[in-house]
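Report on the following structure.
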Amino acid sequence: MAAKLLDKVEIPKDRYEMRLSGSGGQGMILAAVIMSEAIGGADERNVVQSQSYGPEARGGASKADVVVSENEIYYPKAMNLDLLLAMTQESLDSYYPNLKEGGTLIIDTTLVTDVPTDNYFGLPFTQLAREKVGIIMVANVIALAAIAELTGVVTREALTKAVLGRAPRGTEDKNRKALEIGFEEAAKIKK
Amino acid sequence: MAAKLLDKVEIPKDRYEMRLSGSGGQGMILAAVIMSEAIGGADERNVVQSQSYGPEARGGASKADVVVSENEIYYPKAMNLDLLLAMTQESLDSYYPNLKEGGTLIIDTTLVTDVPTDNYFGLPFTQLAREKVGIIMVANVIALAAIAELTGVVTREALTKAVLGRAPRGTEDKNRKALEIGFEEAAKIKK
Amino acid sequence: MPARERKLLQGNQACVHGAIYAGMRFFAGYPITPSTEVAEMSARLLPRIGGRFIQMEDEIGSIAAVVGASISGLKSMTATSGPGYSLMLENIGYAYMTETPCVIVNVQRGGPSTGLPTKVSQSDTMQARYGPHGDYCAIAVAPSTVADTVTETIRAFNLAERFRTPVTVLLDEVIAHSRELIYLPEEGELEIYNRVKPTASPEEFEAFALTPNGVSPMPSYGEGYRYNVTGLTHDTHGFTTNRVDEIPVKLEKLRHKIADYTDEIEKIRVEHMDDAEVAIIAYGSAARAALQATDIARKVGAKVGAVQLYSIWPFPDAKLKELCGRCKKVIVAELNMGQLITEIERIMPDKQITTLQRYDGEILTPLQVVKKIEEVL
Amino acid sequence: MPARERKLLQGNQACVHGAIYAGMRFFAGYPITPSTEVAEMSARLLPRIGGRFIQMEDEIGSIAAVVGASISGLKSMTATSGPGYSLMLENIGYAYMTETPCVIVNVQRGGPSTGLPTKVSQSDTMQARYGPHGDYCAIAVAPSTVADTVTETIRAFNLAERFRTPVTVLLDEVIAHSRELIYLPEEGELEIYNRVKPTASPEEFEAFALTPNGVSPMPSYGEGYRYNVTGLTHDTHGFTTNRVDEIPVKLEKLRHKIADYTDEIEKIRVEHMDDAEVAIIAYGSAARAALQATDIARKVGAKVGAVQLYSIWPFPDAKLKELCGRCKKVIVAELNMGQLITEIERIMPDKQITTLQRYDGEILTPLQVVKKIEEVL
Amino acid sequence: MTDADTTGKPGPQSKYDYSKGPAPLEINMTWCKACNICIALCPKQVLEPDRNGKPVQARPENCTQCTLCWIHCPDFAITSNYK
Amino acid sequence: MTDADTTGKPGPQSKYDYSKGPAPLEINMTWCKACNICIALCPKQVLEPDRNGKPVQARPENCTQCTLCWIHCPDFAITSNYK
Amino acid sequence: MATAEKAKQKSDVTLHYLRPGKKFPSVWCPGCGNGVVMGSLIRAIDNLGLSKDEVVLVSGIGCSSRLPVYLDFNSLHTTHGRALPFATGAKFAQPHMKVIVITGDGDALAIGGNHFIHACRRNIDITAILINNHIYGMTGGQGSPTTPGGTFSTTTPYGNVEKHFDPCSLAAAAGATFVARSTVYHEPQLQKLIGQAISHRGFSLVEAISNCHTYFGRLNRKGDAVAMFDAFKERAVPVGKASKMTEEELEDKIVTGVIHNVEKTEFCDEYQKVVDAHMGEK
Amino acid sequence: MATAEKAKQKSDVTLHYLRPGKKFPSVWCPGCGNGVVMGSLIRAIDNLGLSKDEVVLVSGIGCSSRLPVYLDFNSLHTTHGRALPFATGAKFAQPHMKVIVITGDGDALAIGGNHFIHACRRNIDITAILINNHIYGMTGGQGSPTTPGGTFSTTTPYGNVEKHFDPCSLAAAAGATFVARSTVYHEPQLQKLIGQAISHRGFSLVEAISNCHTYFGRLNRKGDAVAMFDAFKERAVPVGKASKMTEEELEDKIVTGVIHNVEKTEFCDEYQKVVDAHMGEK
Ligand SMILES: Cc1ncc(C[n+]2csc(CCOP(=O)(O)OP(=O)(O)O)c2C)c(N)n1
Ligand SMILES: Cc1ncc(C[n+]2csc(CCOP(=O)(O)OP(=O)(O)O)c2C)c(N)n1
Ligand code: SF4
Ligand code: SF4
Ligand code: SF4
Ligand code: SF4
Ligand code: SF4
Ligand code: SF4
Ligand SMILES: [Mg+2]
Ligand SMILES: [Mg+2]
């Protein structure tokens with residue numbers, strides 16, 4: 001039996017693992033925090049959110065993971081991504097290999113040009129943010145809304161509450177707008 | 001056998017253990033150093049010299065030990081004194097119990113009044129220093145000379161050389177004088 | 001009953017919540033990655049509850065202020081990482097010698113030296129035991145989740161107060177920086193231990209009295225007990241002693257008040273050990289990989305169990321031996337070049353012990369552990 | 001041949017003579033009892049040979065200056081006692097990480113904390129191994145006489161240069177302050193090891209190159225090799241790395257360059273072990289009591305032998321096991337509450353191990369040891 | 001990518017046609033971090049940000065080689081192009 | 001031991017007979033370490049060393065209670081004897 | 001005889017502050033100035049009418065740092081150089097306590113130099129009494145940061161090649177708000193300055209120039225305690241007079257009196273304002 | 001075109017001192033003043049015509065302390081706060097080397113404060129360039145000993161209740177013999193002062209006021225790098241002019257130029273005299 005252990009084992013199915021990736025200024029960590037709080041506000045699921053720290057976080061690439069499970073989450077890091085959000089080409093290239101077979105890939109078509117699969121959802125988050133909300137900074141919120149809509153990992157209500165809970169005073173409307181756009185645009189491309 | 005070990009053991013006979021004791025200002029440590037150097041200058045015997053350190057050395061009682069052996073000296077501290085020099089009553093009282101049966105006791109009769117045995121050598125080192133040399137500070141040198149004379153642990157020549165080797169410039173004569181007095185007075189009482 | 005609020009907190013932040021719950025009212029620290037958020041959160045929260053935060057000039061000053069504040073009367077804590085912990089050792093020894101309760105959080109990062117400031121490690125495990133000069137009897141607890149961090153920090157304070165001694169919380173970068181959704185304990189939910197205060201009159205008061213359990217009652221400043229505290233070896237009144245009959249009394253008091261009550265300190269989690277042939281022993285974030293791997297391997301029939309240590313020091317010799325009693329093989333999984341394993345080797349010479357080490361700045365993955373299980377089985 | 005001069009020296013003074021013989025030309029230190037005479041003697045002797053002495057503002061600065069001077073190009077040493085050694089740990093780790101040869105003398109006194117400044121102890125034994133944060137592979141040598149102190153200090157320098165690593169000399173108050181008549185080695189009498197200098201051109205020079213024995217050649221400042229030294233985990237060029245493929249390379253280099261060559265470090269003295277039923281294991285001034293006791297007990301027929309460790313770290317596992325191979329019983333005699341014994345327990349689980357501890361500020365007496373032999377036999 | 005993006009020199013897309021002499025500056029676009037300092041400190045408005053925020057030589061003819069841009073560039077991304 | 005040795009008061013052996021009033025000072029001979037400071041600083045030469053170097057009140061009648069001796073005694077061995 | 005009565009009372013007062021149970025006399029060498037400073041401190045505290053319970057004496061390691069154990073206050077004998085951060089913790093935890101630090105030139109300025117300047121900077125309400133004997137007494141006569149250039153110690157056997165700190169200037173530059181100096185010869189002044197320092201709100205330093213005849217005196221042929229007291233007398237110049245003297249004239253002089261005295265907000269007070277403003281916030 | 005040629009040469013010079021093999025650009029945030037100081041340092045060294053081999057750059061830990069690794073000198077990146085004692089060892093071991101320390105306000109004045117004042121006191125021939133950005137950059141924006149009262153950092157979330165050091169006054173009081181200040185905006189002056197400092201025999205300090213817009217700027221609404229450069233320009237007052245201004249007028253100003261410059265014997269030189277006098281003695 002022993003010799004075959006590794007071949008037989010399966011990554012536990014009770015975990016849902018997301019990675020939000022992009023470049024330093026795109027607010028991926030904040031997005032992961034909001035996603036975690038949205039899930040936490042909604043039900044009793046457990047969440048572990050983590051990211052890579054260090055000087056590389058200044059500028060450069062940025063990634064933030066969220067692991068969700070109804071059971072105790074032993075291993076805190078992602079093992080096999082159920083969902084990958086890639087806001088830049090670089091992040092897609094880096095992390096696509098970690099996406100599990102059949103996992104959900106969501107990309108920002110504003111900046112990502114080269115996708116190694118046909119099985120993905122693409123929306124121009126940054127462009128939508130700039131053009132429809134007027135500030136590029138909410139691209140991450142639009143992406144969150146799209147994730148919610150496309151995967152059902154969290155409800156619209158829960159996400160909205162979480163986003164507004166973190167929105168700096170005076171930015172509530174822009175964030176609400178961003179959410180709407182995200183939900184709508186995603187609904188359009190939902191299969 | 002085991003049970004009897006402690007009863008049978010003997011303190012090794014190849015060691016000669018001296019303790020020079022007195023009060024802080026009497027130069028016991030220096031005396032022990034000189035004695036050690038005298039022995040070292042004379043032949044191949046091994047010497048370990050030690051003393052108690054610490055705030056108690058400021059003022060208070062002072063003791064300095066010299067262990068001599070032709071063999072390697074394992075244990076560096078005195079186990080069973082072959083010789084005790086006591087320059088004060090307090091030091092005699094403290095260390096007399098450590099003197100082995102038949103060990104040599106030498107006291108400064110200037111300051112020691114109460115001796116718990118008849119088997120000792122007494123000379124008024126401090127008084128001799130004051131009256132015959134003019135400085136009390138050489139009492140320790142007189143005592144060293146007496147030890148040499150009374151025990152033969154070191155030759156007159158070797159001791160003289162060692163004393164002069166340590167004597168501050170300008171004090172050579174006084175030290176020579178002190179030695180002479182020590183040798184002479186001790187010779188008088190030698191049994 | 002209203003639903004309790006869940007909070008998304010980093011381990012470092014949870015640590016502060018736990019500390020405050022336990023009664024911390026004083027924090028002194030010096031920033032260092034990956035512990036800095038402990039200081040930052042303390043700076044933010046303490047004024048709101050009338051507590052005090054001070055950023056000191058360095059780690060030596062931090063632990064000194066913590067000890068001073070604890071003796072003065074407040075439950076106190078500091079947090080740092082390896083380099084800072086190294087600097088604190090002299091004064092941790094002072095806290096030990098003077099029997100001053102306090103908590104030191106060490107968020108472990110890659111060493112040696114400046115090493116890998118933003119990467120995880122468990123390479124300060126042995127330092128927590130043997131770091132300070134002189135004979136030292138360490139207490140160290142080790143959470144592995146954000147929720148644990150709350151409860152173990154509380155436990156650290158309770159142990160510090162119970163035993164009048166410094167207690168180390170061994171965190172690591174992964175726990176420190178991961179965010180998890182947790183419930184904070186409500187008032188009254190968890191037991192809080194406070195140092196025993198003297199009942200004797202100031203005249204009769206003996207500062208380091210030999211009590212049945214070795215712990216002497218401890219007054220605060222201003223309560224009328226004016227006693228002497230010193231890091232020199234001292235007698236039961238707190239006065240320096242050089243006497244061969246008094247020195248061992250003090251040293252034995254320090255040791256036995258802890259070593260004789262290890263059952264109050266030990267905490268071990270056991271999963272699937274009933275019929276396990278192989279036990280994986282681990283703590284902290286390495287334990288999370290071990291638990292995950294155990295779960296995975298069990299699903300495919302491997303007779304493996306996991307033993308997670310929540311208290312590292314005093315090393316739970318007897319309890320651990322008992323728990324691993326049946327299995328012949330032990331894997332010690334740790335994020336260093338082999339530290340815990342020396343203890344395991346010492347206490348379980350009869351077992352086949354395998355080491356699983358990772359020291360490249362990342363945590364062990366469950367699959368690495370499974371692979372090792374496969375090798376061993 | 002003229003008779004060689006014998007000198008009456010304290011252990012602390014002998015240490016300086018040994019160091020200078022080994023090539024020490026730089027000493028930085030901060031006074032602390034019972035090590036101070038090492039600094040004082042260095043202050044006196046170094047200018048006479050063109051060397052340099054500096055009294056730093058504290059122990060942290062002392063070890064820092066020592067490391068700086070060593071990298072600059074001089075063989076360097078510092079001396080301290082427990083509290084100072086605790087403070088030096090961060091920078092000892094830095095010396096280890098940067099592969100800087102240097103010697104740290106720890107004259108052990110009673111701990112913990114300020115403890116017993118003028119009294120003997122061996123309670124920093126484990127600290128020498130596990131004191132610094134991070135994985136650390138310590139070298140520590142331990143003389144027991146004034147004459148040993150000369151040779152072991154020389155050996156410490158040789159090991160430091162040979163392995164490019166900090167080396168600790170574990171002295172204790174008794175050796176440090178006892179005076180013994182010794183012969184100093186004459187020029188050329190003992191082998192002196194100097195760090196290997198690079199032969200590659202500056203352009204080709206790779207500062208922390210992976211050589212067959214793990215030790216990279218080391219230039220001095222001003223020799224044309226301008227490389228980077230950092231306490232961050234670094235690659236073979238000395239540049240910081242966070243890469244999982246490079247980090248273990250560095251850590252393993254640090255470990256294996258020492259751990260794979262322990263035979264060059266180990267030094268053990270054995271007396272009467274041929275037919276011994278009981279072995280007494282000890283080091284430093286405790287070993288002197290053990291040797292004396294062995295001698296005494298042998299004279300009355302007890303089958304006892306003495307094993308004296310001159311190198312404590314890396315712990316001479318295999319050699320020690322071999323030497324004690326025949327005897328079933330082992331007494332570990334030490335001036336602390338039980339430190340070496342944990343190592344002995346680990347490596348000799350098959351033997352009946354007894355501890356003989358003294359921690360009241362005095363050294364064990366031969367009779368105490370004999371008594372223990374009697375109990376065990 | 002256009003020339004301007006990688007060299008910092010005025011490229012064909014620049015609305016300012018540069019033809020009166022050699023480009024006054026050499027700009028290392030790989031090292032440049034788009035901090036804006038050179039652009040802000042240039043007393044002659046020689047520089048303007050490209051779409052990544054990195055400087056292009058918009059008004060090269062104005063450059064007096066006053067040194068301000070390059071002595072303040074934290075990333076040594078600007079050197080003089082004068083031969 | 002004479003009275004002077006243990007109390008610091010002028011004793012019968014003192015060549016200065018003291019009879020004009022109470023002794024001006026109380027000297028704790030157990031605490032006194034014979035440092036000589038009081039003797040040297042007394043502006044009125046009230047004190048002289050005994051054979052152990054500890055102060056005896058040799059000229060007690062001169063004492064003005066000026067405080068100098070006791071505020072400078074490092075061992076709190078002198079107090080005023082005035083009632 | 002009112003003066004005499006007062007004298008008696010004053011001469012006795014020290015005894016009322018000695019710690020019960022602690023063996024006297026002190027460990028100090030005969031004539032060591034540490035004892036004089038101890039007397040000054042007691043008299044200053046007594047004059048201020050502080051209760052014994054509200055006083056915390058904190059010290060590091062050194063001969064001077066042995067002082068607190070002899071007195072019947074809360075006493076905290078810490079590690080070498082670290083008295084000030086321990087004191088900072090004790091004070092900040094209970095800001096109504098009077099926290100007084102006793103420290104030596106080595107303790108405060110060598111190993112403890114960083115804590116010294118930072119305590120000054122914070123202007124925390126602690127009084128530091130720095131007993132400056134220009135040497136490490138406890139460890140047997142090594143050079144300290146106040147050992148003058150050219151002088152001898154066991155670690156400067158050929159004369160000190162380093163320069164020395166002026167603790168008062170350093171403290172003032174670092175932010176201390178009350179800085180004063182006197183000597184053990186000038187006990188009445190010393191006592192007065194200590195009293196002023198304790199009363200001052202903010203960080204105060206009193207540098208007490210003292211004699212270590214055992215080491216500094218012996219190694220530099222400065223004679224015994226009495227000779228060193230005499231030298232202090234000779235070398236002292238009141239700060240007022242000093243301000244009119246040239247640098248050369250001041251060479252080797254000891255400037256005594258209040259050197260620096262300014263008002264600034266105090267650390268604990270400022271922190272309390274933050275607490276008052278944010279208490280109860282969620 | 002002579003000026004232009006010179007300009008080119010000068011603009012290029014930095015590149016000749018960059019370390020081969022080290023990846024560029026630096027780890028620093030876009031616009032971080034550390035890079036400006038690096039340029040000043042290179043130009044100063046180049047002007048002095050020092051050989052690369054004789055220069056040792058020593059630093060502690062912090063963003064600023066990352067500087068040496070980029071340059072092709074002997075570089076020693078030590079532990080936090082300890083650059084100066086490492087440098088002291090390196091210098092004293094080989095006194096002919098030019099030892100330059102790069103340090104931050106936290107590195108030099110918080111954890112390293114003791115070494116700072118002692119290096120000053122010894123007047124050892126080391127040049128320290130203190131890049132003062134008023135915050136801990138590396139660890140993410142905590143208060144430092146130069147963080148002004150009232151300002152925000154992650155550890156002073158309600159405004160800093162502590163006072164700050166003036167590194168220049170502290171250095172002068174501690175014994176430094178050359179002390180100067182400039183800002184990253186005033187690069188030409190900064191460069192010149194660094195050159196003077198290196199040429200000075202004895203301990204020299206150059207305080208380079210720099211921008212950490214990422215933390216200090218952001219937390220205190222001081223804008224980006226450019227805005228902070230502008231503020232340095234506004235706030236700078238040359239030391240000559242400053243001497244005629246009142247304390248109130250100088251509030252919030254940055255006094256630039258040579259603040260303190262005296263001649264004193266240098267530590268290594270003095271030690272060499274001892275060696276010369278006693279060399280060969282038995
Ligand atoms: C960490 C540490 N380093 C060194 C020492 C040794 N030590 C004890 S006291 C002292 C110097 C004391 O000098 P100072 O503060 O001037 O006090 P003094 O004895 O002169 O009153 C030193 C170096 C110590 N106890 N702890
Ligand atoms: C012993 C130790 N304590 C703390 C740290 C964490 N640390 C690294 S850099 C730093 C502060 C740096 O501030 P500063 O010197 O001002 O440099 P900057 O990053 O602002 O340039 C701190 C606290 C450390 N590395 N080592
Ligand atoms: S050199 Fe001067 S004028 Fe030319 S671009 Fe640079 S800043 Fe502008
Ligand atoms: S100053 Fe340098 S880094 Fe900044 S934008 Fe200009 S060229 Fe780029
Ligand atoms: S001053 Fe005090 S200790 Fe000194 S001699 Fe006088 S009474 Fe004795
Ligand atoms: S009180 Fe004054 S006059 Fe009287 S003995 Fe003392 S010093 Fe002399
Ligand atoms: S050694 Fe010096 S400082 Fe210490 S007690 Fe003696 S005289 Fe005082
Ligand atoms: S964090 Fe601040 S100091 Fe560090 S690189 Fe960024 S701007 Fe510079
Ligand atoms: Mg002193
Ligand atoms: Mg800074």
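So you can find residues: chains in the structure tokens are A, B, ... in the order shown, residues in each start at 1, and ligands are numbered from 1 in order.
The protein and nucleic acid residues lying at most 8 Å from Thr114 (chain C) are C:Pro83, D:Tyr94, D:Gly231, D:Leu232, D:Thr233, H:Thr79, with only C-alpha atoms considered and sequence neighbours fewer than 6 positions away removed.
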Output N, CA and C atoms for every residue in that selection, as a CSV table (one decimal), in the first residue's frame.
chain,number,residue,atom,x,y,z
C,83,PRO,N,15.8,38.3,15.6
C,83,PRO,CA,16.9,39.2,16.0
C,83,PRO,C,16.6,40.0,17.3
D,94,TYR,N,25.2,36.8,13.2
D,94,TYR,CA,25.7,37.6,12.0
D,94,TYR,C,27.0,37.0,11.5
D,231,GLY,N,23.8,40.1,6.3
D,231,GLY,CA,23.2,39.1,7.2
D,231,GLY,C,21.9,38.5,6.7
D,232,LEU,N,21.4,39.1,5.6
D,232,LEU,CA,20.3,38.5,4.9
D,232,LEU,C,20.7,37.3,4.2
D,233,THR,N,19.8,36.4,4.0
D,233,THR,CA,20.2,35.1,3.3
D,233,THR,C,20.6,35.5,1.9
H,79,THR,N,23.9,44.4,11.0
H,79,THR,CA,22.6,44.3,11.8
H,79,THR,C,22.0,45.6,12.1
Test item: residues lying within 12 Å of ligand 9 with only C-alpha atoms and all ligand atoms, as a VMD selection string: chain G and resid 32 to 34 60 to 66 80 to 81 102 to 110 130 to 147 153 207 to 216
Show me, as a PyMOL selection string, the residues that have an atom within 8 Å of region 269-277 of chain G when counting only C-alpha atoms, minus same-chain residues fewer than 3 positions from it. (chain C and resi 47-51) or (chain G and resi 265-266) or (chain H and resi 158+161)
With a cut-off of 9 Å and counting only C-alpha atoms, select all residues of chain D in contact with chain B and give the selection as number ranges by chain. D: 5-8, 10, 34, 117-119, 145, 174-175, 177-182, 285-293, 295-297, 299-302, 363, 365-367, 370-371, 373-377
Taking 4 positions as the minimum chain separation for residues in the same chain, which residues sit within 10 Å of Asn80 (chain B) when counting only C-alpha atoms? Answer as a PyMOL selection string. chain B and resi 11-12+15-19+97-101+103
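Excluding Asn106 (chain D) and any residue on its chain fewer than 5 positions from it, the residues at most 9 Å away by only C-alpha atoms are Ser35, Thr78, Ala79, Thr80, Ser81, Gly82, Gly84, Tyr85, Asp124, Ala128, Thr168, Val169, Leu170, Leu171 and Asp172 of chain D.
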Interatomic distance, CA of Pro55 (chain F) to CA of Gln9 (chain G) (Å, one decimal): 21.2 Å
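CA of Glu252 (chain D) to atom 10 (C, counted along the ligand's line) of ligand 2 spans 27.8 Å [interatomic distance, one decimal].
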I'd like the neighbourhood of Thr88 (chain H) as a PDB file with all heavy atoms, in the first residue's frame, where a residue qualifies if any of its atoms comes within 8 Å (using only C-alpha atoms), though same-chain residues fewer than 5 positions away should be ignored.
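Saved the output as out-v7.pdb:
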ATOM      1  N   ALA D  65      32.390  45.155  16.425  1.00  0.00           N
ATOM      2  CA  ALA D  65      33.718  45.639  16.046  1.00  0.00           C
ATOM      3  C   ALA D  65      34.625  44.467  15.703  1.00  0.00           C
ATOM      4  O   ALA D  65      35.427  44.539  14.760  1.00  0.00           O
ATOM      5  CB  ALA D  65      34.312  46.475  17.185  1.00  0.00           C
ATOM      6  N   GLY D  68      33.663  43.293  12.291  1.00  0.00           N
ATOM      7  CA  GLY D  68      34.136  44.283  11.314  1.00  0.00           C
ATOM      8  C   GLY D  68      35.638  44.193  11.108  1.00  0.00           C
ATOM      9  O   GLY D  68      36.129  44.232   9.980  1.00  0.00           O
ATOM     10  N   ALA D  69      36.368  44.049  12.191  1.00  0.00           N
ATOM     11  CA  ALA D  69      37.829  43.988  12.102  1.00  0.00           C
ATOM     12  C   ALA D  69      38.270  42.703  11.417  1.00  0.00           C
ATOM     13  O   ALA D  69      39.235  42.691  10.647  1.00  0.00           O
ATOM     14  CB  ALA D  69      38.433  44.075  13.496  1.00  0.00           C
TER      15      ALA D  69
ATOM     16  N   ALA H 119      30.565  56.733  18.749  1.00  0.00           N
ATOM     17  CA  ALA H 119      31.426  56.981  17.587  1.00  0.00           C
ATOM     18  C   ALA H 119      31.759  58.469  17.548  1.00  0.00           C
ATOM     19  O   ALA H 119      32.906  58.857  17.288  1.00  0.00           O
ATOM     20  CB  ALA H 119      30.733  56.534  16.310  1.00  0.00           C
ATOM     21  N   ILE H 124      36.348  59.005  15.905  1.00  0.00           N
ATOM     22  CA  ILE H 124      37.013  58.091  14.989  1.00  0.00           C
ATOM     23  C   ILE H 124      36.718  58.546  13.564  1.00  0.00           C
ATOM     24  O   ILE H 124      35.626  59.032  13.265  1.00  0.00           O
ATOM     25  CB  ILE H 124      36.567  56.626  15.226  1.00  0.00           C
ATOM     26  CG1 ILE H 124      37.376  55.672  14.357  1.00  0.00           C
ATOM     27  CG2 ILE H 124      35.068  56.456  15.026  1.00  0.00           C
ATOM     28  CD1 ILE H 124      37.231  54.213  14.757  1.00  0.00           C
ATOM     29  N   ILE H 126      35.374  58.268  10.741  1.00  0.00           N
ATOM     30  CA  ILE H 126      34.324  57.620   9.954  1.00  0.00           C
ATOM     31  C   ILE H 126      33.349  58.708   9.533  1.00  0.00           C
ATOM     32  O   ILE H 126      33.109  59.653  10.289  1.00  0.00           O
ATOM     33  CB  ILE H 126      33.581  56.565  10.827  1.00  0.00           C
ATOM     34  CG1 ILE H 126      34.489  55.365  11.105  1.00  0.00           C
ATOM     35  CG2 ILE H 126      32.273  56.117  10.178  1.00  0.00           C
ATOM     36  CD1 ILE H 126      33.906  54.364  12.097  1.00  0.00           C
TER      37      ILE H 126
END
Throw together the list of residues within 8 Å of ligand 5, counting only C-alpha atoms and all ligand atoms, and drop it here as an mmCIF file with C-alpha atoms, in the first residue's frame.
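So the final result, stored in out_16.cif, reads:
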data_model
loop_
_atom_site.group_PDB
_atom_site.id
_atom_site.type_symbol
_atom_site.label_atom_id
_atom_site.label_comp_id
_atom_site.auth_asym_id
_atom_site.auth_seq_id
_atom_site.Cartn_x
_atom_site.Cartn_y
_atom_site.Cartn_z
ATOM 1 C CA ILE F 27 29.343 57.574 66.352
ATOM 2 C CA ASN F 28 28.384 54.094 65.241
ATOM 3 C CA MET F 29 31.670 52.253 65.375
ATOM 4 C CA TRP F 31 29.207 51.043 60.687
ATOM 5 C CA CYS F 32 32.207 53.364 60.566
ATOM 6 C CA LYS F 33 34.790 52.232 58.058
ATOM 7 C CA ALA F 34 37.549 54.577 59.148
ATOM 8 C CA CYS F 35 37.594 56.531 55.919
ATOM 9 C CA ASN F 36 38.806 59.663 57.663
ATOM 10 C CA ILE F 37 36.407 61.992 55.871
ATOM 11 C CA CYS F 38 34.713 63.320 58.973
ATOM 12 C CA ILE F 39 38.019 63.918 60.643
ATOM 13 C CA PRO F 49 41.433 58.893 64.630
ATOM 14 C CA GLY F 53 41.439 55.002 62.220
ATOM 15 C CA LYS F 54 37.926 55.597 63.447
ATOM 16 C CA PRO F 55 36.962 58.977 64.824
ATOM 17 C CA CYS F 69 30.899 65.495 59.415
ATOM 18 C CA TRP F 70 27.635 63.683 59.283
ATOM 19 C CA HIS F 72 29.667 63.607 54.465
ATOM 20 C CA CYS F 73 29.856 60.331 56.295
ATOM 21 C CA PRO F 74 29.237 57.742 53.588
ATOM 22 C CA ASP F 75 28.134 55.216 56.138
ATOM 23 C CA PHE F 76 25.662 57.159 58.259
ATOM 24 C CA ALA F 77 27.902 56.410 61.215
ATOM 25 C CA ILE F 78 27.589 59.870 62.765
ATOM 26 C CA PRO G 30 35.557 53.046 53.108
ATOM 27 C CA GLY G 31 35.016 56.627 52.020
#
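Here CA of Ala31 (chain A) stands at a distance of 26.4 Å from CA of Leu364 (chain C).
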Which region 45-120 of chain A residues have any atom within 10 Å of an atom of region 126-150 of chain A, and for each, what is the nearest pair of atoms with distance in Å to one decimal, counting only C-alpha atoms, rows sorted by chain and number, as CSV?
residue,atom,partner,partner_atom,distance
A:Leu83,CA,A:Ile147,CA,8.8
A:Leu84,CA,A:Ile147,CA,9.6
A:Leu85,CA,A:Ala143,CA,8.0
A:Ala86,CA,A:Ala143,CA,9.7
A:Met87,CA,A:Thr126,CA,8.4
A:Thr104,CA,A:Leu150,CA,8.9
A:Leu105,CA,A:Ile147,CA,9.7
A:Ile106,CA,A:Ile147,CA,7.8
A:Ile107,CA,A:Ala143,CA,8.8
A:Asp108,CA,A:Thr126,CA,7.0
A:Thr109,CA,A:Thr126,CA,8.3
A:Thr110,CA,A:Gln127,CA,6.0
A:Leu111,CA,A:Thr126,CA,8.0
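A distance search around ligand 6 (6 Å at most, only C-alpha atoms and all ligand atoms) returns the following protein and nucleic acid residues: Cys42, Pro43, Lys44, Val46, Cys63, Thr64, Gln65, Cys66, Thr67, Leu68 and Cys69 of chain F.
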Kindly provide, as a ChimeraX atom specification, the residues of chain G having any atom no farther than 7 Å from an atom of chain F, counting only C-alpha atoms. /G:4-5,7-8,11-12,24-25,30-36,39,187,226
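When only C-alpha atoms and all ligand atoms are used to measure the gap to ligand 1, the shortest distance among C:Gly111, C:Arg44, C:His133, C:Gln55 belongs to C:His133.
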